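This report refers to the structure that appears directly beneath it.
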Amino acid sequence: MKTVKVNIVTPDGPVYDSEVAMVIAKTVSGEIGVLPGHIPTVAPLAIGTVTLKKEDGSQELVAVSGGFIEVRPDQISILAPSAELAANIDVNRAKESLARAEQRLQKKQDDIDFKRAELALQRAINRISVHEGNN
């Protein structure tokens, strides 16, 4: 089976760098599945899960908070503001973030940036979902 090199990078440094058989990512216009030899493309990512399927049938999940995916026939690069492997997610911290975001949205005060609170809520839900193995 063919593989493609994948690297996921954030402003804090590399998060993932390995060979995989397939990548599934959530873009702003829908999900994209990428196999080795895929046509070159660039797409903006939505807050969501990146699924990395390995040759042996196993998979790894990565929570990303947006960014871009660049696909070349022999390499896939994901640039994201933040990204965490499922095993590295602090689920207690994610649940605290979820509770804070929900409280901000329920207050309905003029000084609250609702879009920012909604994005924080989406990121927290995504991190919890990835940690629990749901995509």
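A note on labels: chains of the structure tokens are A, B, ... as shown, every chain counts residues from 1, and ligands are counted from 1 in their shown order.
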
Run DSSP on the backbone and give me the residues of segment 45-93 of chain A it puts in helix (DSSP H, G or I), as a JSON list (two decimals) with all heavy atoms, in the first residue's frame.
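Just written: part.json:
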```json
[["chain", "number", "residue", "atom", "x", "y", "z"],
["A", 86, "ALA", "N", -5.00, 13.22, 19.95],
["A", 86, "ALA", "CA", -6.01, 12.80, 20.92],
["A", 86, "ALA", "C", -5.39, 12.42, 22.27],
["A", 86, "ALA", "O", -5.92, 12.77, 23.33],
["A", 86, "ALA", "CB", -6.82, 11.62, 20.36],
["A", 87, "ALA", "N", -4.26, 11.73, 22.22],
["A", 87, "ALA", "CA", -3.62, 11.27, 23.46],
["A", 87, "ALA", "C", -3.07, 12.42, 24.30],
["A", 87, "ALA", "O", -2.86, 12.27, 25.51],
["A", 87, "ALA", "CB", -2.49, 10.30, 23.13],
["A", 88, "ASN", "N", -2.84, 13.58, 23.67],
["A", 88, "ASN", "CA", -2.24, 14.71, 24.39],
["A", 88, "ASN", "C", -3.27, 15.72, 24.91],
["A", 88, "ASN", "O", -2.90, 16.70, 25.54],
["A", 88, "ASN", "CB", -1.26, 15.44, 23.48],
["A", 88, "ASN", "CG", -0.10, 14.57, 23.08],
["A", 88, "ASN", "OD1", 0.18, 13.55, 23.70],
["A", 88, "ASN", "ND2", 0.59, 14.95, 22.03],
["A", 91, "VAL", "N", -8.38, 16.60, 28.87],
["A", 91, "VAL", "CA", -9.85, 16.63, 28.78],
["A", 91, "VAL", "C", -10.47, 17.47, 29.90],
["A", 91, "VAL", "O", -11.50, 18.12, 29.69],
["A", 91, "VAL", "CB", -10.43, 15.20, 28.72],
["A", 91, "VAL", "CG1", -10.38, 14.52, 30.06],
["A", 91, "VAL", "CG2", -11.84, 15.23, 28.19],
["A", 92, "ASN", "N", -9.86, 17.51, 31.06],
["A", 92, "ASN", "CA", -10.40, 18.35, 32.15],
["A", 92, "ASN", "C", -10.33, 19.83, 31.78],
["A", 92, "ASN", "O", -11.27, 20.58, 32.02],
["A", 92, "ASN", "CB", -9.66, 18.08, 33.46],
["A", 92, "ASN", "CG", -9.97, 16.70, 34.01],
["A", 92, "ASN", "OD1", -11.08, 16.19, 33.83],
["A", 92, "ASN", "ND2", -9.00, 16.09, 34.65],
["A", 93, "ARG", "N", -9.21, 20.22, 31.18],
["A", 93, "ARG", "CA", -9.06, 21.60, 30.74],
["A", 93, "ARG", "C", -10.07, 21.93, 29.63],
["A", 93, "ARG", "O", -10.67, 23.01, 29.61],
["A", 93, "ARG", "CB", -7.63, 21.86, 30.25],
["A", 93, "ARG", "CG", -7.29, 23.32, 30.19],
["A", 93, "ARG", "CD", -5.82, 23.53, 29.84],
["A", 93, "ARG", "NE", -5.83, 24.15, 28.52],
["A", 93, "ARG", "CZ", -5.11, 23.79, 27.48],
["A", 93, "ARG", "NH1", -4.26, 22.81, 27.57],
["A", 93, "ARG", "NH2", -5.20, 24.42, 26.35]]
```

Handout entry: Spatial neighbours of segment 21-34 of chain A, 10 Å, only C-alpha atoms, chain gap at least 2 places, as a count of residues only
Key = 41

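For segment 15-18 of chain A, the list of residues within 7 Å, based on only C-alpha atoms and with local chain neighbours fewer than 5 positions off taken out, reads Lys5, Val6, Asn7, Ile8, Val9, Ala83 and Glu84 of chain A.
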
Please dump the current selection as a PDB file, in the first residue's frame; keep all heavy atoms.
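What landed in result_12.pdb:
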```pdb
ATOM      1  N   LYS A   5       3.571  11.372   3.079  1.00  0.00           N
ATOM      2  CA  LYS A   5       4.142  12.035   4.260  1.00  0.00           C
ATOM      3  C   LYS A   5       3.183  13.144   4.696  1.00  0.00           C
ATOM      4  O   LYS A   5       2.732  13.939   3.886  1.00  0.00           O
ATOM      5  CB  LYS A   5       5.506  12.614   3.928  1.00  0.00           C
ATOM      6  CG  LYS A   5       6.186  13.270   5.111  1.00  0.00           C
ATOM      7  CD  LYS A   5       7.600  13.678   4.744  1.00  0.00           C
ATOM      8  CE  LYS A   5       8.300  14.384   5.864  1.00  0.00           C
ATOM      9  NZ  LYS A   5       8.415  13.638   7.081  1.00  0.00           N
ATOM     10  N   VAL A   6       2.886  13.165   5.997  1.00  0.00           N
ATOM     11  CA  VAL A   6       1.996  14.175   6.559  1.00  0.00           C
ATOM     12  C   VAL A   6       2.723  14.915   7.667  1.00  0.00           C
ATOM     13  O   VAL A   6       3.361  14.305   8.522  1.00  0.00           O
ATOM     14  CB  VAL A   6       0.715  13.531   7.157  1.00  0.00           C
ATOM     15  CG1 VAL A   6      -0.144  14.579   7.844  1.00  0.00           C
ATOM     16  CG2 VAL A   6      -0.068  12.818   6.090  1.00  0.00           C
ATOM     17  N   ASN A   7       2.638  16.244   7.619  1.00  0.00           N
ATOM     18  CA  ASN A   7       3.124  17.005   8.765  1.00  0.00           C
ATOM     19  C   ASN A   7       2.075  18.035   9.152  1.00  0.00           C
ATOM     20  O   ASN A   7       1.422  18.632   8.310  1.00  0.00           O
ATOM     21  CB  ASN A   7       4.506  17.618   8.538  1.00  0.00           C
ATOM     22  CG  ASN A   7       4.578  18.509   7.337  1.00  0.00           C
ATOM     23  OD1 ASN A   7       3.631  19.217   7.032  1.00  0.00           O
ATOM     24  ND2 ASN A   7       5.693  18.485   6.642  1.00  0.00           N
ATOM     25  N   ILE A   8       1.887  18.150  10.464  1.00  0.00           N
ATOM     26  CA  ILE A   8       0.947  19.109  11.041  1.00  0.00           C
ATOM     27  C   ILE A   8       1.764  20.060  11.892  1.00  0.00           C
ATOM     28  O   ILE A   8       2.502  19.624  12.787  1.00  0.00           O
ATOM     29  CB  ILE A   8      -0.130  18.397  11.883  1.00  0.00           C
ATOM     30  CG1 ILE A   8      -0.913  17.411  11.004  1.00  0.00           C
ATOM     31  CG2 ILE A   8      -1.065  19.419  12.534  1.00  0.00           C
ATOM     32  CD1 ILE A   8      -1.916  16.563  11.753  1.00  0.00           C
ATOM     33  N   VAL A   9       1.637  21.346  11.580  1.00  0.00           N
ATOM     34  CA  VAL A   9       2.464  22.360  12.240  1.00  0.00           C
ATOM     35  C   VAL A   9       1.587  23.471  12.794  1.00  0.00           C
ATOM     36  O   VAL A   9       0.608  23.876  12.173  1.00  0.00           O
ATOM     37  CB  VAL A   9       3.476  22.955  11.227  1.00  0.00           C
ATOM     38  CG1 VAL A   9       4.377  23.975  11.892  1.00  0.00           C
ATOM     39  CG2 VAL A   9       4.311  21.857  10.591  1.00  0.00           C
ATOM     40  N   ALA A  83      -3.268  22.534  17.308  1.00  0.00           N
ATOM     41  CA  ALA A  83      -3.561  21.145  16.961  1.00  0.00           C
ATOM     42  C   ALA A  83      -3.043  20.262  18.083  1.00  0.00           C
ATOM     43  O   ALA A  83      -1.971  20.506  18.633  1.00  0.00           O
ATOM     44  CB  ALA A  83      -2.900  20.770  15.639  1.00  0.00           C
ATOM     45  N   GLU A  84      -3.833  19.233  18.425  1.00  0.00           N
ATOM     46  CA  GLU A  84      -3.445  18.311  19.493  1.00  0.00           C
ATOM     47  C   GLU A  84      -3.795  16.891  19.107  1.00  0.00           C
ATOM     48  O   GLU A  84      -4.917  16.625  18.667  1.00  0.00           O
ATOM     49  CB  GLU A  84      -4.188  18.624  20.790  1.00  0.00           C
ATOM     50  CG  GLU A  84      -3.830  19.927  21.441  1.00  0.00           C
ATOM     51  CD  GLU A  84      -4.684  20.162  22.673  1.00  0.00           C
ATOM     52  OE1 GLU A  84      -5.787  20.721  22.538  1.00  0.00           O
ATOM     53  OE2 GLU A  84      -4.238  19.775  23.783  1.00  0.00           O
TER      54      GLU A  84
END
```

Practice task
Could you find all residues in chain A that DSSP calls strand (DSSP E) from the backbone, and write them as a PyMOL selection string?
Solution key: chain A and resi 4-10+13-20+22-27+30-34+41-53+59-72+75-79+83-85

Can I get the selected residues back with C-alpha atoms, as a PDB file, in the first residue's frame?
```
ATOM      1  CA  VAL A   4       2.069   9.891   1.883  1.00  0.00           C
ATOM      2  CA  LYS A   5       4.142  12.035   4.260  1.00  0.00           C
ATOM      3  CA  VAL A   6       1.996  14.175   6.559  1.00  0.00           C
ATOM      4  CA  ASN A   7       3.124  17.005   8.765  1.00  0.00           C
ATOM      5  CA  ILE A   8       0.947  19.109  11.041  1.00  0.00           C
ATOM      6  CA  VAL A   9       2.464  22.360  12.240  1.00  0.00           C
ATOM      7  CA  THR A  10       1.287  25.080  14.622  1.00  0.00           C
ATOM      8  CA  GLY A  13       6.031  23.869  16.431  1.00  0.00           C
ATOM      9  CA  PRO A  14       5.409  20.500  14.803  1.00  0.00           C
ATOM     10  CA  VAL A  15       2.611  18.301  16.162  1.00  0.00           C
ATOM     11  CA  TYR A  16       2.781  15.334  13.775  1.00  0.00           C
ATOM     12  CA  ASP A  17       5.230  14.081  11.146  1.00  0.00           C
ATOM     13  CA  SER A  18       4.805  10.595   9.700  1.00  0.00           C
ATOM     14  CA  GLU A  19       3.743   8.467   6.739  1.00  0.00           C
ATOM     15  CA  VAL A  20       0.043   7.562   6.443  1.00  0.00           C
ATOM     16  CA  MET A  22      -5.016   8.335   4.047  1.00  0.00           C
ATOM     17  CA  VAL A  23      -5.946  11.685   5.573  1.00  0.00           C
ATOM     18  CA  ILE A  24      -9.512  12.809   6.240  1.00  0.00           C
ATOM     19  CA  ALA A  25     -10.007  16.463   7.202  1.00  0.00           C
ATOM     20  CA  LYS A  26     -12.959  18.806   7.657  1.00  0.00           C
ATOM     21  CA  THR A  27     -12.682  21.834   5.369  1.00  0.00           C
ATOM     22  CA  GLY A  30     -17.013  19.757   3.612  1.00  0.00           C
ATOM     23  CA  GLU A  31     -14.856  16.724   4.306  1.00  0.00           C
ATOM     24  CA  ILE A  32     -11.899  15.840   2.126  1.00  0.00           C
ATOM     25  CA  GLY A  33     -10.268  12.434   1.888  1.00  0.00           C
ATOM     26  CA  VAL A  34      -6.720  12.386   0.553  1.00  0.00           C
ATOM     27  CA  THR A  41      -4.890  21.460  -3.732  1.00  0.00           C
ATOM     28  CA  VAL A  42      -5.124  23.964  -0.900  1.00  0.00           C
ATOM     29  CA  ALA A  43      -8.216  24.321   1.295  1.00  0.00           C
ATOM     30  CA  PRO A  44      -9.157  26.203   4.462  1.00  0.00           C
ATOM     31  CA  LEU A  45      -9.886  23.930   7.416  1.00  0.00           C
ATOM     32  CA  ALA A  46     -12.812  24.192   9.802  1.00  0.00           C
ATOM     33  CA  ILE A  47     -12.567  23.451  13.508  1.00  0.00           C
ATOM     34  CA  GLY A  48     -12.660  19.680  13.511  1.00  0.00           C
ATOM     35  CA  THR A  49     -10.917  16.335  13.480  1.00  0.00           C
ATOM     36  CA  VAL A  50      -8.122  15.250  11.182  1.00  0.00           C
ATOM     37  CA  THR A  51      -8.117  11.459  10.860  1.00  0.00           C
ATOM     38  CA  LEU A  52      -4.776   9.875   9.937  1.00  0.00           C
ATOM     39  CA  LYS A  53      -5.221   6.306   8.686  1.00  0.00           C
ATOM     40  CA  GLN A  59      -5.743   5.535  12.942  1.00  0.00           C
ATOM     41  CA  GLU A  60      -4.763   8.617  14.892  1.00  0.00           C
ATOM     42  CA  LEU A  61      -7.024  11.591  15.561  1.00  0.00           C
ATOM     43  CA  VAL A  62      -5.874  15.196  15.754  1.00  0.00           C
ATOM     44  CA  ALA A  63      -8.035  18.123  16.923  1.00  0.00           C
ATOM     45  CA  VAL A  64      -7.379  21.228  14.805  1.00  0.00           C
ATOM     46  CA  SER A  65      -8.794  24.699  15.284  1.00  0.00           C
ATOM     47  CA  GLY A  66      -8.947  25.743  11.643  1.00  0.00           C
ATOM     48  CA  GLY A  67      -6.004  26.569   9.405  1.00  0.00           C
ATOM     49  CA  PHE A  68      -5.125  25.232   5.965  1.00  0.00           C
ATOM     50  CA  ILE A  69      -4.374  21.909   4.319  1.00  0.00           C
ATOM     51  CA  GLU A  70      -1.936  21.845   1.411  1.00  0.00           C
ATOM     52  CA  VAL A  71      -1.968  18.653  -0.624  1.00  0.00           C
ATOM     53  CA  ARG A  72       0.790  17.591  -3.003  1.00  0.00           C
ATOM     54  CA  GLN A  75       3.172  15.285   0.915  1.00  0.00           C
ATOM     55  CA  ILE A  76       0.330  16.779   2.931  1.00  0.00           C
ATOM     56  CA  SER A  77       0.953  19.803   5.140  1.00  0.00           C
ATOM     57  CA  ILE A  78      -1.536  21.095   7.676  1.00  0.00           C
ATOM     58  CA  LEU A  79      -0.949  24.537   9.147  1.00  0.00           C
ATOM     59  CA  ALA A  83      -3.561  21.145  16.961  1.00  0.00           C
ATOM     60  CA  GLU A  84      -3.445  18.311  19.493  1.00  0.00           C
ATOM     61  CA  LEU A  85      -3.146  14.563  19.144  1.00  0.00           C
TER      62      LEU A  85
END
```

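Counting only C-alpha atoms, the residue from A:Lys115, A:Ala120, A:Ser58, A:Pro40 that sits nearest to Leu98 of chain A is A:Ala120.
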
Problem - Shell of 8 Å around Glu118 of chain A, only C-alpha atoms, local chain residues under 3 positions omitted, as a list in words - result: Ala101, Leu105, Phe114, Lys115, Leu121 and Gln122 of chain A

Write the residues of the selection above to a file with N, CA and C atoms, as an mmCIF file, in the first residue's frame.
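Saved file part_22.cif follows:
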```cif
data_model
loop_
_atom_site.group_PDB
_atom_site.id
_atom_site.type_symbol
_atom_site.label_atom_id
_atom_site.label_comp_id
_atom_site.auth_asym_id
_atom_site.auth_seq_id
_atom_site.Cartn_x
_atom_site.Cartn_y
_atom_site.Cartn_z
ATOM 1 N N ALA A 101 -17.233 28.861 28.094
ATOM 2 C CA ALA A 101 -17.844 29.342 26.854
ATOM 3 C C ALA A 101 -19.369 29.311 26.959
ATOM 4 N N LEU A 105 -21.964 32.597 26.755
ATOM 5 C CA LEU A 105 -23.065 32.664 25.791
ATOM 6 C C LEU A 105 -24.421 32.838 26.482
ATOM 7 N N PHE A 114 -19.788 37.457 21.136
ATOM 8 C CA PHE A 114 -20.478 36.179 20.953
ATOM 9 C C PHE A 114 -19.779 35.272 19.945
ATOM 10 N N LYS A 115 -19.245 35.849 18.876
ATOM 11 C CA LYS A 115 -18.559 35.029 17.870
ATOM 12 C C LYS A 115 -17.347 34.337 18.502
ATOM 13 N N LEU A 121 -16.442 27.622 22.223
ATOM 14 C CA LEU A 121 -17.325 26.489 22.480
ATOM 15 C C LEU A 121 -17.061 25.367 21.467
ATOM 16 N N GLN A 122 -16.960 25.715 20.179
ATOM 17 C CA GLN A 122 -16.692 24.713 19.136
ATOM 18 C C GLN A 122 -15.346 24.024 19.355
#
```

Problem - Nearest to Arg116 of chain A, chosen from A:Asp90, A:Leu35, A:Arg100, A:His131, with only C-alpha atoms counted in the distances - result: A:Arg100
